[in-house]
$ cat query31.csv   # CSV, C-alpha atoms and all ligand atoms
chain,number,residue,atom,x,y,z
A,1,MET,CA,15.0,-16.1,53.2
A,2,GLU,CA,16.7,-12.8,54.1
A,3,ASN,CA,14.5,-10.3,52.1
A,4,ALA,CA,11.1,-10.2,50.5
A,5,PHE,CA,12.0,-7.2,48.2
A,6,TYR,CA,14.9,-7.0,45.7
A,7,ASP,CA,15.9,-4.5,43.1
A,8,PHE,CA,16.1,-7.3,40.5
A,9,ILE,CA,14.7,-10.8,40.6
A,10,ILE,CA,16.0,-13.3,38.0
A,11,ILE,CA,14.0,-16.5,37.3
A,12,GLY,CA,16.4,-19.2,36.0
A,13,ALA,CA,20.0,-20.0,37.0
A,14,GLY,CA,21.4,-21.1,33.6
A,15,PRO,CA,24.2,-19.1,31.9
A,16,ALA,CA,21.8,-16.2,31.0
A,17,GLY,CA,20.4,-15.8,34.6
A,18,LEU,CA,23.8,-16.2,36.3
A,19,SER,CA,25.5,-13.7,34.0
A,20,ALA,CA,22.7,-11.2,34.6
A,21,ALA,CA,23.1,-11.8,38.4
A,22,GLN,CA,26.8,-11.2,38.3
A,23,TYR,CA,26.5,-8.0,36.3
A,24,ALA,CA,23.6,-6.6,38.3
A,25,ALA,CA,25.1,-7.5,41.7
A,26,ARG,CA,28.4,-6.0,40.7
A,27,SER,CA,26.7,-2.7,39.8
A,28,ASN,CA,25.3,-2.6,43.4
A,29,LEU,CA,21.8,-3.8,42.8
A,30,SER,CA,20.2,-6.2,45.3
A,31,VAL,CA,19.7,-9.4,43.3
A,32,LEU,CA,17.9,-12.7,43.8
A,33,VAL,CA,18.1,-15.6,41.4
A,34,ILE,CA,15.3,-18.2,41.7
A,35,GLU,CA,15.9,-21.7,40.3
A,36,ASN,CA,13.6,-24.6,40.7
A,37,GLY,CA,16.1,-27.3,39.6
A,38,THR,CA,19.8,-27.6,39.9
A,39,THR,CA,21.8,-24.4,39.1
A,40,GLY,CA,23.1,-24.4,35.6
A,41,GLY,CA,20.3,-25.2,33.3
A,42,GLN,CA,21.0,-27.2,30.1
A,43,ALA,CA,24.7,-26.3,30.3
A,44,LEU,CA,24.9,-29.0,33.0
A,45,ASN,CA,24.4,-31.6,30.3
A,46,ILE,CA,27.4,-30.6,28.3
A,47,ASN,CA,30.1,-33.2,28.5
A,48,LYS,CA,32.8,-31.0,26.9
A,49,LEU,CA,32.3,-27.2,26.5
A,50,GLU,CA,34.8,-26.4,23.7
A,51,ASN,CA,33.4,-23.3,22.0
A,52,TYR,CA,33.2,-20.7,24.8
A,53,PRO,CA,35.8,-18.1,24.0
A,54,GLY,CA,38.6,-18.0,26.5
A,55,VAL,CA,37.7,-21.2,28.2
A,56,TYR,CA,40.5,-23.4,26.9
A,57,PRO,CA,41.2,-26.3,27.2
A,58,ALA,CA,37.6,-27.4,27.2
A,59,VAL,CA,35.8,-27.9,30.5
A,60,ASP,CA,32.7,-29.9,31.4
A,61,GLY,CA,29.4,-27.9,31.6
A,62,ALA,CA,28.9,-28.5,35.3
A,63,ALA,CA,32.3,-27.1,36.3
A,64,PHE,CA,31.6,-24.1,34.0
A,65,VAL,CA,28.3,-23.1,35.6
A,66,GLU,CA,29.5,-23.9,39.1
A,67,SER,CA,32.2,-21.2,38.6
A,68,MET,CA,29.5,-18.8,37.2
A,69,ARG,CA,27.4,-19.4,40.3
A,70,GLU,CA,30.3,-18.8,42.6
A,71,GLN,CA,31.2,-15.6,40.7
A,72,ALA,CA,27.6,-14.2,40.9
A,73,GLN,CA,27.4,-15.0,44.7
A,74,GLU,CA,30.9,-13.5,45.2
A,75,PHE,CA,29.5,-10.2,43.9
A,76,GLY,CA,26.5,-10.4,46.2
A,77,ALA,CA,23.7,-12.2,44.3
A,78,SER,CA,21.5,-14.5,46.4
A,79,ILE,CA,20.2,-17.8,45.0
A,80,LEU,CA,17.0,-19.4,46.1
A,81,ARG,CA,15.8,-22.8,45.2
A,82,SER,CA,12.1,-22.5,44.8
A,83,THR,CA,9.3,-22.6,42.3
A,84,VAL,CA,7.6,-19.4,41.1
A,85,THR,CA,3.9,-20.1,40.7
A,86,SER,CA,2.7,-16.7,39.5
A,87,ILE,CA,3.9,-13.2,38.4
A,88,ASP,CA,1.9,-10.1,38.8
A,89,LYS,CA,2.7,-6.4,38.3
A,90,ILE,CA,1.2,-4.1,41.0
A,91,GLY,CA,1.9,-0.5,40.3
A,92,GLN,CA,5.6,-0.4,39.5
A,93,LYS,CA,6.5,-3.6,41.5
A,94,PHE,CA,6.6,-7.1,40.3
A,95,VAL,CA,5.0,-9.5,42.8
A,96,LEU,CA,5.9,-13.2,42.6
A,97,GLU,CA,4.2,-16.0,44.5
A,98,THR,CA,6.7,-18.8,45.1
A,99,GLU,CA,6.7,-22.0,47.2
A,100,SER,CA,8.9,-20.0,49.6
A,101,GLY,CA,6.5,-17.1,50.0
A,102,ARG,CA,5.8,-13.8,48.3
A,103,LEU,CA,8.7,-11.9,46.8
A,104,SER,CA,8.8,-8.6,44.9
A,105,SER,CA,11.1,-6.4,42.9
A,106,TRP,CA,11.4,-3.4,40.7
A,107,ALA,CA,12.6,-5.4,37.7
A,108,LEU,CA,12.3,-9.0,36.6
A,109,LEU,CA,14.4,-11.2,34.3
A,110,ILE,CA,12.9,-14.3,32.8
A,111,ALA,CA,15.7,-16.7,32.0
A,112,THR,CA,13.9,-20.0,32.2
A,113,GLY,CA,15.4,-21.4,29.0
A,114,ALA,CA,14.0,-24.1,26.9
A,115,GLU,CA,13.5,-27.8,27.3
A,116,HIS,CA,13.8,-30.8,25.0
A,117,SER,CA,11.0,-31.5,22.6
A,118,ARG,CA,9.7,-35.1,22.5
A,119,LEU,CA,9.0,-37.3,19.5
A,120,GLY,CA,5.5,-38.2,20.6
A,121,VAL,CA,5.7,-41.8,19.4
A,122,PRO,CA,4.2,-44.8,21.1
A,123,GLY,CA,6.5,-46.3,23.8
A,124,GLU,CA,8.3,-43.0,24.5
A,125,ASP,CA,6.5,-42.1,27.8
A,126,LYS,CA,6.4,-45.8,28.9
A,127,PHE,CA,10.2,-46.2,28.5
A,128,ALA,CA,11.3,-42.7,29.6
A,129,GLY,CA,14.1,-43.4,32.1
A,130,ARG,CA,14.1,-47.1,31.1
A,131,GLY,CA,16.1,-46.7,27.9
A,132,VAL,CA,14.7,-43.4,26.5
A,133,SER,CA,16.7,-40.3,27.6
A,134,TRP,CA,17.2,-36.6,26.7
A,135,CYS,CA,20.6,-36.4,28.4
A,136,ALA,CA,23.7,-38.3,27.2
A,137,THR,CA,26.0,-37.0,29.9
A,138,CYS,CA,23.5,-38.2,32.6
A,139,ASP,CA,22.4,-41.5,31.1
A,140,GLY,CA,25.1,-42.5,28.6
A,141,PRO,CA,27.2,-44.5,31.1
A,142,PHE,CA,24.3,-46.9,31.5
A,143,PHE,CA,24.8,-47.9,27.9
A,144,LYS,CA,28.5,-48.7,27.7
A,145,ASN,CA,29.1,-51.0,24.7
A,146,LYS,CA,25.4,-51.2,24.1
A,147,ARG,CA,23.3,-50.4,21.0
A,148,ILE,CA,22.4,-46.7,21.1
A,149,LEU,CA,20.1,-44.7,18.9
A,150,VAL,CA,20.4,-40.9,18.6
A,151,VAL,CA,17.5,-39.1,17.0
A,152,GLY,CA,17.9,-35.7,15.4
A,153,GLY,CA,20.2,-33.8,13.0
A,154,GLY,CA,21.1,-30.6,14.9
A,155,ASP,CA,24.0,-29.6,17.1
A,156,SER,CA,22.7,-31.4,20.1
A,157,ALA,CA,22.2,-34.7,18.3
A,158,CYS,CA,25.6,-34.5,16.8
A,159,ASP,CA,27.5,-33.4,19.9
A,160,GLU,CA,25.7,-36.0,22.0
A,161,ALA,CA,26.3,-38.8,19.4
A,162,THR,CA,30.0,-37.9,19.5
A,163,TYR,CA,30.1,-38.2,23.3
A,164,LEU,CA,28.1,-41.5,23.2
A,165,SER,CA,30.5,-42.9,20.6
A,166,THR,CA,33.2,-42.7,23.4
A,167,LEU,CA,31.1,-45.1,25.4
A,168,SER,CA,30.0,-47.5,22.7
A,169,PRO,CA,31.0,-48.4,19.2
A,170,TYR,CA,27.4,-49.2,18.3
A,171,VAL,CA,25.8,-45.7,17.9
A,172,THR,CA,23.3,-45.1,15.2
A,173,LEU,CA,22.1,-41.6,14.4
A,174,VAL,CA,18.8,-41.3,12.5
A,175,HIS,CA,17.7,-38.1,10.9
A,176,ARG,CA,14.5,-37.4,9.0
A,177,ARG,CA,16.2,-35.6,6.1
A,178,GLY,CA,19.2,-36.1,3.8
A,179,SER,CA,21.6,-33.7,5.5
A,180,LEU,CA,22.5,-32.6,9.0
A,181,ARG,CA,21.4,-29.3,10.3
A,182,ALA,CA,24.3,-29.1,12.8
A,183,GLN,CA,27.3,-26.6,12.3
A,184,LYS,CA,29.7,-28.0,9.7
A,185,ALA,CA,32.5,-28.9,12.1
A,186,VAL,CA,30.1,-30.6,14.5
A,187,ALA,CA,28.4,-32.6,11.6
A,188,GLU,CA,31.7,-33.6,10.0
A,189,ARG,CA,32.9,-35.1,13.3
A,190,VAL,CA,29.8,-37.4,13.3
A,191,LEU,CA,30.1,-38.3,9.6
A,192,SER,CA,33.7,-39.3,10.0
A,193,ASN,CA,33.3,-41.2,13.3
A,194,LYS,CA,33.7,-44.9,12.9
A,195,ASN,CA,31.6,-45.7,15.9
A,196,ILE,CA,28.6,-43.8,14.5
A,197,THR,CA,26.4,-45.0,11.7
A,198,VAL,CA,24.2,-42.3,10.2
A,199,GLN,CA,20.9,-43.2,8.6
A,200,PHE,CA,19.3,-40.3,6.7
A,201,PHE,CA,15.6,-40.1,5.7
A,202,THR,CA,14.8,-42.2,8.8
A,203,GLN,CA,12.1,-41.5,11.4
A,204,VAL,CA,11.2,-43.3,14.7
A,205,LYS,CA,7.7,-44.7,14.6
A,206,GLU,CA,7.6,-46.7,17.8
A,207,ILE,CA,9.7,-47.7,20.8
A,208,LYS,CA,9.2,-51.3,22.0
A,209,GLY,CA,10.1,-53.4,25.0
A,210,VAL,CA,8.9,-55.2,28.0
A,211,SER,CA,10.4,-53.7,31.2
A,212,LYS,CA,12.9,-51.6,29.2
A,213,VAL,CA,13.7,-50.6,25.6
A,214,ASP,CA,14.3,-53.7,23.4
A,215,SER,CA,13.8,-52.3,19.9
A,216,VAL,CA,12.7,-49.4,17.8
A,217,VAL,CA,10.5,-49.3,14.7
A,218,LEU,CA,12.0,-47.0,12.0
A,219,ALA,CA,10.4,-45.7,8.9
A,220,ASP,CA,12.0,-44.5,5.6
A,221,THR,CA,10.6,-40.9,5.3
A,222,ARG,CA,10.6,-41.2,1.4
A,223,THR,CA,8.9,-44.6,1.0
A,224,GLY,CA,7.1,-45.1,4.3
A,225,GLU,CA,8.7,-48.6,4.5
A,226,THR,CA,9.3,-49.7,8.2
A,227,ARG,CA,11.8,-51.9,9.8
A,228,GLU,CA,12.5,-53.0,13.4
A,229,MET,CA,16.0,-52.6,14.9
A,230,GLN,CA,17.2,-54.1,18.3
A,231,MET,CA,18.2,-51.2,20.6
A,232,ASP,CA,19.1,-50.6,24.2
A,233,GLY,CA,19.1,-46.9,24.6
A,234,ILE,CA,17.4,-44.1,22.7
A,235,PHE,CA,18.6,-40.5,23.0
A,236,GLU,CA,16.2,-37.9,21.6
A,237,PHE,CA,17.5,-34.5,20.4
A,238,VAL,CA,14.8,-33.2,18.2
A,239,GLY,CA,14.8,-29.5,19.2
A,240,MET,CA,13.8,-27.4,22.1
A,241,LYS,CA,10.7,-25.6,23.2
A,242,PRO,CA,10.8,-22.5,25.3
A,243,ARG,CA,9.7,-22.6,29.0
A,244,THR,CA,7.1,-19.8,28.9
A,245,GLU,CA,4.5,-21.1,31.3
A,246,LEU,CA,5.0,-18.1,33.7
A,247,VAL,CA,4.9,-15.5,31.0
A,248,GLU,CA,2.2,-16.5,28.5
A,249,MET,CA,1.1,-12.8,28.5
A,250,LEU,CA,4.3,-11.7,26.7
A,251,ARG,CA,4.6,-11.3,22.9
A,252,LYS,CA,6.0,-14.4,21.2
A,253,ASP,CA,7.2,-15.4,17.7
A,254,ASP,CA,5.6,-18.2,15.7
A,255,LYS,CA,7.6,-20.8,17.5
A,256,GLY,CA,6.6,-19.5,20.9
A,257,TYR,CA,9.9,-17.8,21.8
A,258,ILE,CA,9.6,-14.4,23.7
A,259,ILE,CA,10.2,-11.3,21.6
A,260,THR,CA,12.5,-8.7,23.1
A,261,ASN,CA,14.2,-5.7,21.7
A,262,TYR,CA,18.0,-5.5,21.7
A,263,ASN,CA,18.0,-4.2,25.3
A,264,MET,CA,16.2,-7.5,26.3
A,265,GLU,CA,13.0,-5.6,27.1
A,266,THR,CA,9.7,-7.5,26.7
A,267,SER,CA,6.3,-6.1,26.0
A,268,ILE,CA,5.9,-5.4,29.8
A,269,LYS,CA,7.9,-2.5,31.2
A,270,GLY,CA,10.5,-3.7,33.7
A,271,MET,CA,10.3,-7.3,32.6
A,272,PHE,CA,13.3,-8.6,30.6
A,273,CYS,CA,14.1,-11.9,28.9
A,274,ALA,CA,17.4,-13.5,28.2
A,275,GLY,CA,18.9,-16.7,26.9
A,276,ASP,CA,17.3,-19.6,25.1
A,277,ILE,CA,13.7,-18.5,25.9
A,278,ARG,CA,14.2,-15.4,23.7
A,279,ALA,CA,13.5,-15.2,20.0
A,280,LYS,CA,16.9,-15.0,18.3
A,281,PRO,CA,18.8,-16.7,15.5
A,282,PHE,CA,21.6,-18.4,17.4
A,283,ARG,CA,21.3,-20.2,20.7
A,284,GLN,CA,24.7,-20.8,22.4
A,285,ILE,CA,26.1,-20.3,25.9
A,286,VAL,CA,28.0,-17.3,24.6
A,287,THR,CA,24.8,-15.7,23.3
A,288,ALA,CA,23.0,-16.5,26.5
A,289,THR,CA,25.7,-14.9,28.7
A,290,ALA,CA,25.7,-11.8,26.4
A,291,ASP,CA,21.9,-11.6,26.8
A,292,GLY,CA,22.2,-11.8,30.5
A,293,ALA,CA,24.8,-9.0,30.7
A,294,THR,CA,22.7,-6.8,28.4
A,295,ALA,CA,19.5,-7.5,30.5
A,296,ALA,CA,21.3,-6.6,33.7
A,297,TYR,CA,22.6,-3.3,32.2
A,298,SER,CA,19.1,-2.4,30.9
A,299,ALA,CA,17.4,-3.4,34.1
A,300,GLY,CA,19.9,-1.3,36.1
A,301,GLN,CA,19.0,1.8,34.0
A,302,TYR,CA,15.3,1.1,34.4
A,303,ILE,CA,15.6,0.5,38.2
A,304,ARG,CA,17.6,3.7,38.7
A,305,THR,CA,14.9,5.7,36.9
A,306,ILE,CA,12.1,4.1,39.0
A,307,LYS,CA,14.0,4.7,42.2
A,308,ASN,CA,14.2,8.4,41.4
A,309,GLU,CA,10.5,8.5,40.7
A,310,ALA,CA,8.8,6.2,43.0
A,311,TYR,CA,8.0,6.0,46.7
A,312,VAL,CA,9.4,2.7,48.1
A,401,LIG,P1,17.7,-27.9,16.5
A,401,LIG,O1,18.9,-27.2,16.0
A,401,LIG,O2,16.3,-27.3,16.4
A,401,LIG,O3,17.7,-29.4,15.8
A,401,LIG,C1,16.6,-30.3,16.0
A,401,LIG,C2,16.8,-31.4,15.0
A,401,LIG,O4,15.8,-32.4,15.3
A,401,LIG,C3,16.7,-31.1,13.6
A,401,LIG,O5,17.7,-31.8,12.8
A,401,LIG,C4,15.3,-31.5,13.2
A,401,LIG,O6,15.1,-31.9,11.9
A,401,LIG,C5,15.1,-32.7,14.1
A,401,LIG,N1,13.7,-32.8,14.5
A,401,LIG,C6,12.8,-31.9,14.9
A,401,LIG,N2,11.6,-32.5,15.1
A,401,LIG,C7,11.7,-33.8,14.8
A,401,LIG,C8,10.8,-34.9,14.8
A,401,LIG,N3,9.5,-34.8,15.2
A,401,LIG,N4,11.3,-36.1,14.4
A,401,LIG,C9,12.6,-36.2,14.0
A,401,LIG,N5,13.5,-35.2,13.9
A,401,LIG,C10,13.0,-34.0,14.4
A,401,LIG,O7,17.9,-28.3,18.1
A,401,LIG,P2,19.2,-28.7,18.9
A,401,LIG,O8,20.1,-29.5,18.1
A,401,LIG,O9,18.7,-29.2,20.2
A,401,LIG,O10,19.9,-27.2,19.1
A,401,LIG,C11,19.1,-26.2,19.8
A,401,LIG,C12,19.9,-24.9,19.8
A,401,LIG,O11,21.1,-25.1,20.6
A,401,LIG,C13,20.5,-24.6,18.4
A,401,LIG,O12,20.4,-23.2,18.2
A,401,LIG,C14,21.9,-25.1,18.4
A,401,LIG,O13,22.8,-24.4,17.5
A,401,LIG,C15,22.3,-24.9,19.9
A,401,LIG,N6,23.3,-25.8,20.3
A,401,LIG,C16,24.6,-25.6,20.0
A,401,LIG,C17,25.6,-26.5,20.3
A,401,LIG,C18,27.0,-26.2,20.0
A,401,LIG,O14,27.3,-25.1,19.6
A,401,LIG,N7,28.0,-27.1,20.1
A,401,LIG,C19,25.3,-27.7,21.0
A,401,LIG,C20,23.9,-28.0,21.2
A,401,LIG,C21,23.0,-27.0,20.9
A,401,LIG,P3,15.3,-30.9,10.6
A,401,LIG,O15,16.7,-30.6,10.5
A,401,LIG,O16,14.7,-31.7,9.5
A,401,LIG,O17,14.4,-29.7,11.0
$ encode --input "query31.csv" --output "structure tokens"
Amino acid sequence: MENAFYDFIIIGAGPAGLSAAQYAARSNLSVLVIENGTTGGQALNINKLENYPGVYPAVDGAAFVESMREQAQEFGASILRSTVTSIDKIGQKFVLETESGRLSSWALLIATGAEHSRLGVPGEDKFAGRGVSWCATCDGPFFKNKRILVVGGGDSACDEATYLSTLSPYVTLVHRRGSLRAQKAVAERVLSNKNITVQFFTQVKEIKGVSKVDSVVLADTRTGETREMQMDGIFEFVGMKPRTELVEMLRKDDKGYIITNYNMETSIKGMFCAGDIRAKPFRQIVTATADGATAAYSAGQYIRTIKNEAYV
């Protein structure tokens, strides 16, 4: 690693973190992005990104974030693959312990995003990776022309069911209520798709199999009546939960998302939050990139004030 001290350290290299990196580096701050997985976050799982303004025709999510990474690095941001194990604030500096050693900065951006929630039903853990999946783009091709169950009624479930319907005509989407939560256009695409059967008022009770998924036990949420359905692949899209393990000390909303003001400032001075981890009404790539740009602007103002005041 070249440096141990940066103006601005960003944890998370999804659209929020990479946008912040690009804006901050372009404004002449020294910037390090730390990512413990593959650069790109959840955007990597998008088969067809069709609603990012100006990106037309649609591109796949991996290509989109790859060009964001190149752009951030072109402006001078560094990217480190490592895991942050703790965050401390000593005086005006943030001190991070990572698997690659100690790093510090004037300002810190938490852009660690959110991860898929799980159903928590019997068989789910046992068959994870053996028929149960949370990523259609990654695992869908294993289920070509097979029976596929999609669970959930939001944008993710509907988008992913639409993608899976290009791989198999035997897609069933089950949702616990009587109407889809997804945006109208996204929901209508599912409801009119001849390869997708939608079963409302239906909940998964158990996933069964021997060495891989063979069937699923479904229950009618109105009557409690259960039935078993032969199944090969189960894709769960039942919401997200924020990745806040590193910042449990910050103020959160009732769902566990980090509360910021409109400058992306958290309850700790110099610590900012952006993207899906943040409490906000609408989680999209376009809102994540906007958060990232705003956080970089706010952090830049904060850092310049600190630099004028503090001894380095
Ligand atoms: P979401 O909007 O929170 O939807 C989760 C769905 O799972 C809901 O339909 C919910 O049912 C259902 N659910 C939750 N817990 C369940 C359980 N235990 N059993 C069965 N069903 C359960 O989550 P998401 O679809 O992952 O989307 C997350 C965010 O990303 C949203 O803000 C979304 O707009 C955004 N997103 C946007 C796009 C796009 O613009 N194309 C694509 C993907 C995601 P209820 O409806 O009954 O609550």
$ residues_around --input "query31.csv" --residues "stretch 13-20 of chain A" --least-positions-apart "5" --cutoff "8 Å" --atoms "all atoms listed in the file" --output "ChimeraX atom specification"
/A:33-35,39-43,65,68-69,72,109-113,274-275,285,288-296
$ atom_distance --input "query31.csv" --atom1 "atom O9 of ligand LIG 401 (chain A)" --atom2 "atom CA of A:Thr38"
19.8 Å
$ residues_near_ligand --input "query31.csv" --ligand "ligand LIG 401 (chain A)" --cutoff "7 Å" --atoms "only C-alpha atoms and all ligand atoms" --output "list in words"
Asn51, Leu119, Val151, Gly152, Gly153, Gly154, Asp155, Ser156, Ala157, Asp159, His175, Arg176, Arg177, Leu180, Arg181, Ala182, Val186, Gln203, Phe237, Val238, Gly239, Met240, Phe282, Arg283 and Gln284 of chain A
$ write_last_selection --input "query31.csv" --atoms "C-alpha atoms" --output "CSV table (one decimal), in the frame of the given file"
chain,number,residue,atom,x,y,z
A,51,ASN,CA,33.4,-23.3,22.0
A,119,LEU,CA,9.0,-37.3,19.5
A,151,VAL,CA,17.5,-39.1,17.0
A,152,GLY,CA,17.9,-35.7,15.4
A,153,GLY,CA,20.2,-33.8,13.0
A,154,GLY,CA,21.1,-30.6,14.9
A,155,ASP,CA,24.0,-29.6,17.1
A,156,SER,CA,22.7,-31.4,20.1
A,157,ALA,CA,22.2,-34.7,18.3
A,159,ASP,CA,27.5,-33.4,19.9
A,175,HIS,CA,17.7,-38.1,10.9
A,176,ARG,CA,14.5,-37.4,9.0
A,177,ARG,CA,16.2,-35.6,6.1
A,180,LEU,CA,22.5,-32.6,9.0
A,181,ARG,CA,21.4,-29.3,10.3
A,182,ALA,CA,24.3,-29.1,12.8
A,186,VAL,CA,30.1,-30.6,14.5
A,203,GLN,CA,12.1,-41.5,11.4
A,237,PHE,CA,17.5,-34.5,20.4
A,238,VAL,CA,14.8,-33.2,18.2
A,239,GLY,CA,14.8,-29.5,19.2
A,240,MET,CA,13.8,-27.4,22.1
A,282,PHE,CA,21.6,-18.4,17.4
A,283,ARG,CA,21.3,-20.2,20.7
A,284,GLN,CA,24.7,-20.8,22.4
$ residues_near_point --input "query31.csv" --point "(9.9, 0.4, 37.6)" --cutoff "7 Å" --atoms "all atoms listed in the file" --output "list in words"
Gln92, Lys93, Trp106, Ala107, Gly270, Tyr302, Ile303 and Ile306 of chain A
$ write_last_selection --input "query31.csv" --atoms "C-alpha atoms" --output "tab-separated table (two decimals), in the frame of the given file"
chain	number	residue	atom	x	y	z
A	92	GLN	CA	5.60	-0.40	39.50
A	93	LYS	CA	6.50	-3.60	41.50
A	106	TRP	CA	11.40	-3.40	40.70
A	107	ALA	CA	12.60	-5.40	37.70
A	270	GLY	CA	10.50	-3.70	33.70
A	302	TYR	CA	15.30	1.10	34.40
A	303	ILE	CA	15.60	0.50	38.20
A	306	ILE	CA	12.10	4.10	39.00
$ residues_around --input "query31.csv" --residues "A:Tyr257" --least-positions-apart "2" --cutoff "7 Å" --atoms "all atoms listed in the file" --output "MDAnalysis selection string"
chainID A and resid 242 252:253 255 259 277:279
$ closest_atom_pairs --input "query31.csv" --of "stretch 226-281 of chain A" --to "stretch 122-132 of chain A" --cutoff "12 Å" --atoms "only C-alpha atoms" --output "JSON lines"
{"residue": "A:Met231", "atom": "CA", "partner": "A:Gly131", "partner_atom": "CA", "distance": 8.8}
{"residue": "A:Asp232", "atom": "CA", "partner": "A:Gly131", "partner_atom": "CA", "distance": 6.2}
{"residue": "A:Gly233", "atom": "CA", "partner": "A:Gly131", "partner_atom": "CA", "distance": 4.5}
{"residue": "A:Ile234", "atom": "CA", "partner": "A:Val132", "partner_atom": "CA", "distance": 4.7}
{"residue": "A:Phe235", "atom": "CA", "partner": "A:Val132", "partner_atom": "CA", "distance": 6.0}
{"residue": "A:Glu236", "atom": "CA", "partner": "A:Val132", "partner_atom": "CA", "distance": 7.5}
{"residue": "A:Phe237", "atom": "CA", "partner": "A:Val132", "partner_atom": "CA", "distance": 11.1}
$ closest_residue --input "query31.csv" --among "A:Asp254, A:Asp139, A:Asp60, A:Asp7" --to "A:Ala24" --atoms "only C-alpha atoms"
A:Asp7
$ residues_around --input "query31.csv" --residues "stretch 188-195 of chain A" --least-positions-apart "4" --cutoff "6 Å" --atoms "all atoms listed in the file" --output "NGL selection string"
:A and (165 or 169-170 or 184)
$ residues_around --input "query31.csv" --residues "A:Val174" --least-positions-apart "2" --cutoff "6 Å" --atoms "only C-alpha atoms" --output "list in words"
Val151, Val198, Gln199, Phe200 and Thr202 of chain A
$ atom_distance --input "query31.csv" --atom1 "atom CA of A:Phe94" --atom2 "atom CA of A:Glu115"
25.4 Å
$ residues_around --input "query31.csv" --residues "A:Gly76" --least-positions-apart "6" --cutoff "9 Å" --atoms "all atoms listed in the file" --output "PyMOL selection string"
chain A and resi 21-22+25-26+28-31
$ atom_distance --input "query31.csv" --atom1 "atom CA of A:Val171" --atom2 "atom CA of A:Gly224"
23.1 Å
$ closest_residue --input "query31.csv" --among "A:Val286, A:Cys135, A:Val204, A:Leu250" --to "A:Val216" --atoms "all atoms listed in the file"
A:Val204
$ closest_residue --input "query31.csv" --among "A:Ala161, A:Leu49, A:Ile11, A:Val217" --to "A:Ala63" --atoms "all atoms listed in the file"
A:Leu49
$ closest_residue --input "query31.csv" --among "A:Ile207, A:Leu246, A:Leu173, A:Ala187" --to "A:Arg227" --atoms "all atoms listed in the file"
A:Ile207
$ closest_residue --input "query31.csv" --among "A:Ser27, A:Thr287, A:Ala4, A:Lys146" --to "A:Ala299" --atoms "all atoms listed in the file"
A:Ser27
